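This report refers to the structure that appears directly beneath it.
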Amino acid sequence: MKLLPAHMKTALEEARAAARRGEVPVGAVIADLRGRVVARAGNRTLELHDPTAHAELLAIRAACEKLGSERLTDCDLFVTLEPCAMCAAAISFARFRRLYYAAGDPKMGAVAHGPRFFAQPTCHHAPEIYDGLGGEEAGALLKSFFAARR
């Protein structure tokens with residue numbers, strides 16, 4: 001088993017907590033350049049009755065509030081699942097330095113799959129992207145979550 005960065009481990013903790021709440025198990029962590037956690041969140045779409053309450057967006061909102069800025073240029077985002085188009089747009093608008101994600105998402109992902117948001121000429125900012133960190137663990141968590149609901 002590969003060693004995971006601490007922030008991806010924390011994102012996986014958030015994903016497991018989301019699963020315990022009955023939410024799709026996705027977790028996100030935002031860290032500053034010194035490696036300090038600025039914000040962390042898990043999906044809460046059901047709990048909040050909000051289709052935009054994805055882990056990434058909740059963490060971005062919390063980080064922006066904490067830092068007093070709509071730009072997160074000195075921050076990295078760690079997320080357990082490839083971001084969807086909505087989240088990819090928010091990641092671009094927030095101007096993250098780096099995006100790390102664990103499992104790819106062929107159905108709804110928008111980074112390596114689907115619209116490949118950051119490769120579009122209309123994308124104003126694309127972070128450095130690192131994928132696959134903890135992908136097996138995140139993928140297994142998602143598979144077990146959905147298998148239990150079928």
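Each chain of the structure tokens is named A, B, ... in the order shown, its residues numbered from 1; ligands are numbered from 1 in display order.
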With only C-alpha atoms counted and 7 Å as the cut-off, give the residues of stretch 59-142 of chain A in contact with stretch 22-46 of chain A, each with its shortest interatomic distance in Å and the pair that gives it, as JSON lines.
{"residue": "A:Ala59", "atom": "CA", "partner": "A:Arg40", "partner_atom": "CA", "distance": 5.2}
{"residue": "A:Ala62", "atom": "CA", "partner": "A:Ala39", "partner_atom": "CA", "distance": 6.0}
{"residue": "A:Ala63", "atom": "CA", "partner": "A:Ala39", "partner_atom": "CA", "distance": 5.3}
{"residue": "A:Asp74", "atom": "CA", "partner": "A:Leu33", "partner_atom": "CA", "distance": 5.9}
{"residue": "A:Cys75", "atom": "CA", "partner": "A:Asp32", "partner_atom": "CA", "distance": 4.4}
{"residue": "A:Asp76", "atom": "CA", "partner": "A:Ala31", "partner_atom": "CA", "distance": 5.4}
{"residue": "A:Leu77", "atom": "CA", "partner": "A:Ile30", "partner_atom": "CA", "distance": 4.6}
{"residue": "A:Phe78", "atom": "CA", "partner": "A:Val29", "partner_atom": "CA", "distance": 5.1}
{"residue": "A:Val79", "atom": "CA", "partner": "A:Ala28", "partner_atom": "CA", "distance": 4.3}
{"residue": "A:Thr80", "atom": "CA", "partner": "A:Gly27", "partner_atom": "CA", "distance": 5.6}
{"residue": "A:Leu81", "atom": "CA", "partner": "A:Val26", "partner_atom": "CA", "distance": 6.3}
{"residue": "A:Leu142", "atom": "CA", "partner": "A:Pro25", "partner_atom": "CA", "distance": 6.2}
> Excluding same-chain residues fewer than 5 positions from A:Leu57, what lies within 8 Å of it counting only C-alpha atoms, as a VMD selection string?
Replying inline: chain A and resid 52 87 90
How about saving the chosen residues, N, CA and C atoms kept, as a tab-separated table (two decimals), in the first residue's frame?
chain	number	residue	atom	x	y	z
A	52	THR	N	-25.83	21.79	-4.53
A	52	THR	CA	-24.48	22.33	-4.67
A	52	THR	C	-23.61	22.05	-3.44
A	87	CYS	N	-17.90	21.75	-9.68
A	87	CYS	CA	-16.79	21.91	-8.75
A	87	CYS	C	-15.52	22.35	-9.48
A	90	ALA	N	-15.66	26.04	-9.90
A	90	ALA	CA	-15.36	26.73	-8.64
A	90	ALA	C	-13.87	26.66	-8.33
> So, counting only C-alpha atoms, which residue among A:Ile91, A:Ala19, A:Glu47, A:Asp131 is closest to A:Phe146?
Replying inline: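 Smallest distance to A:Phe146 is found for A:Ala19.
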> Please, which residues of stretch 51-92 of chain A, numbered as in this document, come out strand (DSSP E or B) from DSSP, as a ChimeraX atom specification?
Replying inline: /A:75-81
>> Report, in Å to a single decimal, how far apart atom CA of A:Arg95 and atom CA of A:Pro127 are.
In response: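 Rounded to one decimal, the two atoms are 7.1 Å apart.
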>> Taking the DSSP secondary structure from the backbone, can you list the residues of stretch 65-97 of chain A that are alpha helix (DSSP H), as a count of residues only?
In response: 13
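Coordinates place atom CA of A:Phe118 at a distance of 8.5 Å from atom CA of A:Ala89.
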>> Please determine, counting only C-alpha atoms, which residue among A:Ala94, A:Ala53, A:Met108, A:Leu48 has the shortest atom-to-atom distance to A:Ser69.
In response: A:Ala94
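Taking atom CA of A:Ser144 as the reference point, atom CA of A:Ala85 is found at 24.3 Å.
Closest to A:Ala140 among A:Ile60, A:Ala110, A:Leu72, A:Ala102 is A:Ala102, based on only C-alpha atoms.
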